[in-house]
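Engineer: Input protein-v5.cif, format and content: mmCIF, C-alpha atoms.
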```
data_work
#
loop_
_atom_site.label_atom_id
_atom_site.label_comp_id
_atom_site.auth_asym_id
_atom_site.auth_seq_id
_atom_site.Cartn_x
_atom_site.Cartn_y
_atom_site.Cartn_z
CA MET P 1 -29.05 11.27 -6.86
CA ASP P 2 -26.60 11.48 -3.95
CA LYS P 3 -24.02 14.19 -4.60
CA LYS P 4 -21.52 15.19 -1.94
CA VAL P 5 -20.53 18.83 -1.41
CA ILE P 6 -17.34 19.66 0.45
CA ASN P 7 -16.96 22.14 3.28
CA GLU P 8 -13.25 22.93 2.94
CA GLU P 9 -12.91 24.91 6.15
CA GLU P 10 -14.29 21.96 8.11
CA ILE P 11 -12.47 19.18 6.27
CA PHE P 12 -9.08 20.93 6.35
CA SER P 13 -9.39 22.49 9.80
CA ILE P 14 -6.25 22.38 11.95
CA ASN P 15 -6.17 20.58 15.29
CA PRO P 16 -5.53 23.18 18.02
CA ASP P 17 -3.64 20.54 20.03
CA TYR P 18 -0.94 19.83 17.45
CA SER P 19 2.64 19.32 18.66
CA VAL P 20 5.88 20.60 17.10
CA GLU P 21 9.40 19.19 17.04
CA VAL P 22 12.41 20.66 15.23
CA VAL P 23 14.84 18.00 14.02
CA HIS P 24 18.26 18.54 12.48
CA TYR P 25 19.65 15.89 10.17
CA GLY P 26 23.15 17.25 9.78
CA ASP P 27 22.66 20.69 8.23
CA VAL P 28 19.06 19.94 7.22
CA LYS P 29 16.33 21.44 9.41
CA VAL P 30 13.01 19.62 9.43
CA LEU P 31 9.84 20.60 11.30
CA ILE P 32 7.66 17.69 12.43
CA VAL P 33 4.08 18.51 13.44
CA ASP P 34 1.97 15.68 14.89
CA ASP P 35 -1.83 15.56 15.18
CA PHE P 36 -1.99 18.17 12.44
CA TYR P 37 -5.55 17.96 11.12
CA ALA P 38 -8.63 18.11 13.34
CA ASN P 39 -10.41 15.70 10.92
CA PRO P 40 -7.63 13.57 9.42
CA TYR P 41 -9.91 10.65 8.51
CA ASP P 42 -12.05 12.97 6.40
CA VAL P 43 -8.96 14.26 4.54
CA ARG P 44 -7.80 10.67 4.04
CA GLN P 45 -11.22 9.64 2.72
CA LEU P 46 -11.19 12.53 0.27
CA ALA P 47 -7.80 11.32 -1.00
CA LEU P 48 -9.23 7.81 -1.40
CA ASP P 49 -12.44 8.96 -3.12
CA ILE P 50 -10.72 10.94 -5.89
CA PRO P 51 -9.07 8.70 -8.51
CA ALA P 52 -5.33 9.29 -8.90
CA SER P 53 -3.97 10.17 -12.33
CA THR P 54 -1.07 8.47 -14.11
CA ASN P 55 -0.82 11.40 -16.55
CA LYS P 56 2.66 12.98 -16.50
CA ARG P 57 1.06 16.39 -16.95
CA ILE P 58 -0.48 15.87 -13.50
CA ARG P 59 2.29 13.97 -11.72
CA GLY P 60 5.38 15.33 -13.50
CA ASN P 61 8.42 13.06 -13.08
CA ASN P 62 7.18 11.72 -9.76
CA PRO P 63 7.08 7.89 -9.75
CA ALA P 64 3.80 8.09 -7.83
CA HIS P 65 0.34 8.59 -9.28
CA ARG P 66 -1.26 11.83 -8.17
CA VAL P 67 -4.54 13.33 -7.05
CA ASN P 68 -4.67 17.05 -7.89
CA ALA P 69 -8.02 18.70 -7.19
CA PHE P 70 -9.00 22.36 -6.93
CA TYR P 71 -10.45 23.14 -3.51
CA GLU P 72 -10.40 26.29 -1.40
CA LEU P 73 -7.45 25.81 0.95
CA SER P 74 -6.73 29.37 2.03
CA SER P 75 -8.20 28.63 5.49
CA MET P 76 -5.02 26.58 6.12
CA SER P 77 -2.63 29.44 5.44
CA TRP P 78 -2.55 30.75 9.03
CA ILE P 79 -0.88 27.65 10.48
CA TYR P 80 1.80 27.57 7.78
CA ASP P 81 2.43 31.29 8.16
CA GLN P 82 2.77 30.89 11.93
CA LEU P 83 5.08 27.87 11.76
CA ALA P 84 7.21 29.16 8.90
CA ARG P 85 7.77 32.56 10.47
CA GLN P 86 8.71 30.97 13.78
CA TYR P 87 10.89 28.11 12.54
CA PHE P 88 12.06 29.24 9.09
CA PRO P 89 12.65 33.01 9.53
CA GLU P 90 15.62 32.80 7.17
CA VAL P 91 13.12 32.06 4.39
CA MET P 92 10.05 34.01 5.42
CA HIS P 93 11.72 37.37 6.04
CA VAL P 94 11.91 37.99 2.28
CA TYR P 95 8.17 37.58 1.73
CA PRO P 96 5.40 40.15 2.24
CA PRO P 97 2.94 39.63 5.11
CA ASN P 98 0.25 38.18 2.82
CA TYR P 99 2.57 35.72 1.03
CA MET P 100 1.22 32.57 2.69
CA GLN P 101 -2.39 33.60 2.11
CA GLN P 102 -1.68 34.08 -1.60
CA SER P 103 0.21 30.79 -1.78
CA PHE P 104 -2.68 28.80 -0.32
CA MET P 105 -5.25 30.58 -2.46
CA ASN P 106 -3.39 29.03 -5.41
CA ALA P 107 -2.75 25.66 -3.75
CA THR P 108 -4.51 22.45 -4.76
CA PHE P 109 -5.41 19.27 -2.92
CA MET P 110 -2.37 17.32 -4.11
CA VAL P 111 -1.83 13.76 -2.93
CA ASN P 112 0.89 11.39 -4.14
CA VAL P 113 -0.38 7.81 -4.40
CA MET P 114 2.54 5.38 -4.56
CA GLN P 115 3.26 1.67 -4.57
CA THR P 116 6.66 0.05 -4.36
CA ASP P 117 6.46 -2.71 -6.95
CA ASN P 118 9.02 -2.10 -9.71
CA LEU P 119 10.55 1.04 -8.20
CA PRO P 120 12.37 2.99 -10.92
CA PRO P 121 16.05 4.01 -10.65
CA VAL P 122 15.74 7.35 -8.87
CA CYS P 123 18.15 9.43 -6.81
CA PRO P 124 17.24 12.08 -4.19
CA HIS P 125 16.07 15.37 -5.63
CA MET P 126 15.52 19.07 -4.94
CA ASP P 127 12.02 20.51 -5.48
CA ASN P 128 13.29 24.05 -6.04
CA THR P 129 16.81 25.45 -6.14
CA SER P 130 16.01 28.92 -4.75
CA GLY P 131 16.58 28.03 -1.12
CA MET P 132 13.68 30.38 -0.33
CA ASN P 133 10.74 27.99 -0.73
CA LEU P 134 9.28 25.40 1.61
CA ALA P 135 7.68 22.01 1.04
CA SER P 136 5.16 20.23 3.24
CA THR P 137 4.21 16.57 3.38
CA ILE P 138 1.22 15.28 5.35
CA TYR P 139 0.97 11.52 5.86
CA LEU P 140 -2.51 10.07 5.36
CA ASN P 141 -1.78 6.37 5.97
CA THR P 142 -3.32 5.00 9.16
CA ALA P 143 -1.08 3.53 11.87
CA ASN P 144 -1.17 -0.07 10.63
CA GLU P 145 -0.29 1.11 7.09
CA CYS P 146 2.68 3.34 7.93
CA ASN P 147 6.19 2.52 6.78
CA GLY P 148 9.26 4.51 5.77
CA GLY P 149 8.88 8.27 5.54
CA THR P 150 10.70 11.20 3.95
CA SER P 151 14.50 10.89 3.86
CA PHE P 152 17.16 13.59 3.62
CA TYR P 153 20.63 13.29 2.09
CA SER P 154 23.97 14.79 1.32
CA PHE P 155 25.83 14.12 -1.91
CA GLY P 156 29.58 14.48 -1.77
CA GLY P 157 29.12 16.25 1.57
CA LYS P 158 26.57 18.81 0.33
CA THR P 159 22.83 18.81 0.95
CA TYR P 160 22.09 20.33 -2.46
CA TYR P 161 23.20 20.03 -6.08
CA GLU P 162 25.61 22.71 -7.24
CA ASP P 163 24.34 22.14 -10.78
CA PRO P 164 20.84 20.62 -10.77
CA SER P 165 20.89 20.31 -14.58
CA VAL P 166 23.58 17.60 -14.40
CA THR P 167 22.47 13.96 -14.42
CA HIS P 168 23.65 12.63 -11.07
CA THR P 169 25.21 9.24 -10.51
CA LEU P 170 26.34 7.27 -7.48
CA ASP P 171 29.59 9.23 -7.28
CA VAL P 172 30.44 12.92 -7.56
CA HIS P 173 32.64 12.27 -10.59
CA GLY P 174 29.73 10.98 -12.67
CA ASN P 175 31.24 7.54 -13.23
CA ILE P 176 28.67 5.17 -11.70
CA PRO P 177 25.09 5.32 -13.05
CA VAL P 178 22.07 5.17 -10.76
CA ASN P 179 20.43 1.79 -11.34
CA GLU P 180 18.30 1.58 -8.22
CA TYR P 181 15.80 3.57 -6.17
CA ILE P 182 18.18 5.14 -3.66
CA THR P 183 17.15 5.06 -0.02
CA ASP P 184 20.11 4.17 2.19
CA SER P 185 23.67 5.49 1.95
CA VAL P 186 25.40 4.32 -1.21
CA GLY P 187 28.31 5.67 -3.24
CA ASP P 188 28.68 9.39 -2.50
CA TRP P 189 25.10 9.56 -1.20
CA THR P 190 24.77 9.75 2.59
CA LEU P 191 21.42 9.24 4.31
CA LEU P 192 21.25 11.96 6.97
CA GLY P 193 17.91 11.05 8.53
CA ILE P 194 14.30 10.02 8.05
CA ALA P 195 11.15 11.88 9.07
CA HIS P 196 9.19 8.72 9.72
CA MET P 197 5.68 8.23 8.44
CA LYS P 198 2.96 8.63 11.05
CA PHE P 199 -0.75 9.18 10.51
CA ASN P 200 -1.68 12.88 10.54
CA ARG P 201 1.95 14.01 10.74
CA MET P 202 3.01 17.10 8.79
CA VAL P 203 6.65 17.55 7.79
CA LEU P 204 7.97 20.97 6.69
CA TYR P 205 11.37 21.52 5.06
CA ASN P 206 13.25 23.65 2.57
CA GLN P 207 12.63 22.67 -1.05
CA ALA P 208 16.34 23.05 -1.84
CA VAL P 209 17.52 20.15 0.35
CA LEU P 210 18.08 16.72 -1.15
CA HIS P 211 15.29 14.36 -0.18
CA SER P 212 13.21 11.41 -1.31
CA ALA P 213 10.29 9.22 -0.33
CA TYR P 214 11.95 6.56 1.83
CA VAL P 215 10.41 3.35 0.54
CA LYS P 216 11.50 -0.26 0.04
CA PRO P 217 10.17 -2.73 -2.53
CA ASN P 218 7.89 -4.63 -0.12
CA MET P 219 6.43 -1.66 1.80
CA PHE P 220 3.38 -0.69 -0.30
CA THR P 221 2.05 -3.52 -2.43
CA GLY P 222 -1.26 -5.21 -3.26
CA ASP P 223 -4.11 -3.00 -2.02
CA LEU P 224 -1.81 -0.82 0.12
CA TYR P 225 -0.74 2.60 -1.17
CA ARG P 226 1.52 5.32 0.24
CA LEU P 227 -0.68 8.42 0.62
CA ASN P 228 0.96 11.76 1.26
CA GLN P 229 -0.57 15.18 0.75
CA GLN P 230 1.91 17.70 -0.64
CA PHE P 231 2.26 21.49 -0.63
CA PHE P 232 4.94 23.51 -2.41
CA ILE P 233 5.08 26.92 -0.78
#
```
Could you take the file, read its structure, and then write that structure out as structure tokens?

Structural biologist:
Amino acid sequence: MDKKVINEEEIFSINPDYSVEVVHYGDVKVLIVDDFYANPYDVRQLALDIPASTNKRIRGNNPAHRVNAFYELSSMSWIYDQLARQYFPEVMHVYPPNYMQQSFMNATFMVNVMQTDNLPPVCPHMDNTSGMNLASTIYLNTANECNGGTSFYSFGGKTYYEDPSVTHTLDVHGNIPVNEYITDSVGDWTLLGIAHMKFNRMVLYNQAVLHSAYVKPNMFTGDLYRLNQQFFI
């Protein structure tokens, strides 16, 4: 019998030579961190080895399938605490000093696994309306597989929904239904910018801003999947 055992601190160790760029897409602040993991191919292989679930209990309303595995990820908390306190002080000042440690003790190895055949009609979304929570995406596609990225939007001039419970359409008056997977500017949606996909790139942003996976129908088909690790902090 050949049974693998994971060493989480090794697999998910952070590259000490990462680089940081702060990008503003209109009023949306996005942190882009390149060369994030020290062992990105090992993280990618882990995402490939674990079958992704189609169960809505696992993936929610996300059009992607999802890997969601319980591993010990608290060894990653230091880098997120450091970056968030430096670049998102308007969020982190409300949290106690051990907030990030607690968040990553509860975190899971969550990877969205997406293809772009038959994309459903979807508009940009907010992960959380509080304005006090962050989201992180880590791209696990290798260089020859990368396409698109994470896109950020305004709707009627605002980067958030005033009433997230309302079903949103292509215009602020609710007259034109969404019948496509929205990527580029259309109707009252304005594409503000794209954090482009790059292998081992981490993107950090506020959960309350309107965003989406920027994909087109022919980007991820056949045996090619969009692989992005996700944290909700």

Engineer: What is the distance between CA of Gly131 in chain P and CA of Ala84 in chain P, in Å to one decimal?

Structural biologist: 13.8 Å

Engineer: Applied to the shown file, which residues does the PyMOL selection byres ((chain P and resi 198) around 9) return, written as an mmCIF file with C-alpha atoms, in the frame of the given file?

Structural biologist:
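Resulting contents of selection.cif:
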```cif
data_model
loop_
_atom_site.group_PDB
_atom_site.id
_atom_site.type_symbol
_atom_site.label_atom_id
_atom_site.label_comp_id
_atom_site.auth_asym_id
_atom_site.auth_seq_id
_atom_site.Cartn_x
_atom_site.Cartn_y
_atom_site.Cartn_z
ATOM 1 C CA ASP P 34 1.970 15.680 14.890
ATOM 2 C CA ILE P 138 1.220 15.280 5.350
ATOM 3 C CA TYR P 139 0.970 11.520 5.860
ATOM 4 C CA LEU P 140 -2.510 10.070 5.360
ATOM 5 C CA ASN P 141 -1.780 6.370 5.970
ATOM 6 C CA THR P 142 -3.320 5.000 9.160
ATOM 7 C CA ALA P 143 -1.080 3.530 11.870
ATOM 8 C CA CYS P 146 2.680 3.340 7.930
ATOM 9 C CA ASN P 147 6.190 2.520 6.780
ATOM 10 C CA GLY P 149 8.880 8.270 5.540
ATOM 11 C CA HIS P 196 9.190 8.720 9.720
ATOM 12 C CA MET P 197 5.680 8.230 8.440
ATOM 13 C CA PHE P 199 -0.750 9.180 10.510
ATOM 14 C CA ASN P 200 -1.680 12.880 10.540
ATOM 15 C CA ARG P 201 1.950 14.010 10.740
ATOM 16 C CA MET P 202 3.010 17.100 8.790
#
```

Engineer: For Leu119 in chain P, which residue among P:Ala64, P:Ile79, P:Val203, P:Val28 is the nearest when counting all atoms listed in the file?

Structural biologist: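 Using all atoms listed in the file, the shortest distance to Leu119 in chain P belongs to P:Ala64.
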
Engineer: Please evaluate the PyMOL selection byres ((chain P and resi 13) around 12) against the displayed coordinates and give the resulting residues as a PDB file with C-alpha atoms, in the coordinates of the input.

Structural biologist:
```pdb
ATOM      1  CA  ASN P   7     -16.960  22.140   3.280  1.00  0.00           C
ATOM      2  CA  GLU P   8     -13.250  22.930   2.940  1.00  0.00           C
ATOM      3  CA  GLU P   9     -12.910  24.910   6.150  1.00  0.00           C
ATOM      4  CA  GLU P  10     -14.290  21.960   8.110  1.00  0.00           C
ATOM      5  CA  ILE P  11     -12.470  19.180   6.270  1.00  0.00           C
ATOM      6  CA  PHE P  12      -9.080  20.930   6.350  1.00  0.00           C
ATOM      7  CA  ILE P  14      -6.250  22.380  11.950  1.00  0.00           C
ATOM      8  CA  ASN P  15      -6.170  20.580  15.290  1.00  0.00           C
ATOM      9  CA  PRO P  16      -5.530  23.180  18.020  1.00  0.00           C
ATOM     10  CA  ASP P  17      -3.640  20.540  20.030  1.00  0.00           C
ATOM     11  CA  TYR P  18      -0.940  19.830  17.450  1.00  0.00           C
ATOM     12  CA  ASP P  35      -1.830  15.560  15.180  1.00  0.00           C
ATOM     13  CA  PHE P  36      -1.990  18.170  12.440  1.00  0.00           C
ATOM     14  CA  TYR P  37      -5.550  17.960  11.120  1.00  0.00           C
ATOM     15  CA  ALA P  38      -8.630  18.110  13.340  1.00  0.00           C
ATOM     16  CA  ASN P  39     -10.410  15.700  10.920  1.00  0.00           C
ATOM     17  CA  PRO P  40      -7.630  13.570   9.420  1.00  0.00           C
ATOM     18  CA  TYR P  41      -9.910  10.650   8.510  1.00  0.00           C
ATOM     19  CA  ASP P  42     -12.050  12.970   6.400  1.00  0.00           C
ATOM     20  CA  VAL P  43      -8.960  14.260   4.540  1.00  0.00           C
ATOM     21  CA  GLU P  72     -10.400  26.290  -1.400  1.00  0.00           C
ATOM     22  CA  LEU P  73      -7.450  25.810   0.950  1.00  0.00           C
ATOM     23  CA  SER P  74      -6.730  29.370   2.030  1.00  0.00           C
ATOM     24  CA  SER P  75      -8.200  28.630   5.490  1.00  0.00           C
ATOM     25  CA  MET P  76      -5.020  26.580   6.120  1.00  0.00           C
ATOM     26  CA  SER P  77      -2.630  29.440   5.440  1.00  0.00           C
ATOM     27  CA  TRP P  78      -2.550  30.750   9.030  1.00  0.00           C
ATOM     28  CA  ILE P  79      -0.880  27.650  10.480  1.00  0.00           C
TER      29      ILE P  79
END
```

Engineer: What are the nearest atom pairs, with distances in Å to one decimal, for all residues of range 35-154 of chain P that come at most 8 Å from range 182-195 of chain P, using only C-alpha atoms, set out by chain and rising residue number as a Markdown table?

Structural biologist:
```
| residue | atom | partner | partner_atom | distance |
| --- | --- | --- | --- | --- |
| P:Pro121 | CA | P:Ile182 | CA | 7.4 |
| P:Val122 | CA | P:Ile182 | CA | 6.2 |
| P:Cys123 | CA | P:Ile182 | CA | 5.3 |
| P:Pro124 | CA | P:Ile182 | CA | 7.0 |
| P:Gly148 | CA | P:Ile194 | CA | 7.8 |
| P:Gly149 | CA | P:Ala195 | CA | 5.5 |
| P:Thr150 | CA | P:Ala195 | CA | 5.2 |
| P:Ser151 | CA | P:Ile194 | CA | 4.3 |
| P:Phe152 | CA | P:Leu192 | CA | 5.5 |
| P:Tyr153 | CA | P:Leu191 | CA | 4.7 |
| P:Ser154 | CA | P:Thr190 | CA | 5.3 |
```

Engineer: Keeping only C-alpha atoms, write those residues as a PDB file, in the frame of the given file.

Structural biologist:
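In the end it all went to selection.pdb:
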```
ATOM      1  CA  PRO P 121      16.050   4.010 -10.650  1.00  0.00           C
ATOM      2  CA  VAL P 122      15.740   7.350  -8.870  1.00  0.00           C
ATOM      3  CA  CYS P 123      18.150   9.430  -6.810  1.00  0.00           C
ATOM      4  CA  PRO P 124      17.240  12.080  -4.190  1.00  0.00           C
ATOM      5  CA  GLY P 148       9.260   4.510   5.770  1.00  0.00           C
ATOM      6  CA  GLY P 149       8.880   8.270   5.540  1.00  0.00           C
ATOM      7  CA  THR P 150      10.700  11.200   3.950  1.00  0.00           C
ATOM      8  CA  SER P 151      14.500  10.890   3.860  1.00  0.00           C
ATOM      9  CA  PHE P 152      17.160  13.590   3.620  1.00  0.00           C
ATOM     10  CA  TYR P 153      20.630  13.290   2.090  1.00  0.00           C
ATOM     11  CA  SER P 154      23.970  14.790   1.320  1.00  0.00           C
TER      12      SER P 154
END
```

Engineer: Compile the contact shell of Thr54 in chain P as a list in words: residues with an atom at most 8 Å away, counting all atoms listed in the file, same-chain residues fewer than 4 positions apart removed.

Structural biologist: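 Surrounding residues, per the criterion: Ile58, Arg59, Ala64, His65 and Arg66 of chain P.
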
Engineer: Identify all residues satisfying the PyMOL selection byres ((chain P and resi 126) around 8) in the given file; provide them as a PyMOL selection string.

Structural biologist: chain P and resi 124-125+127-129+160-161+207-211
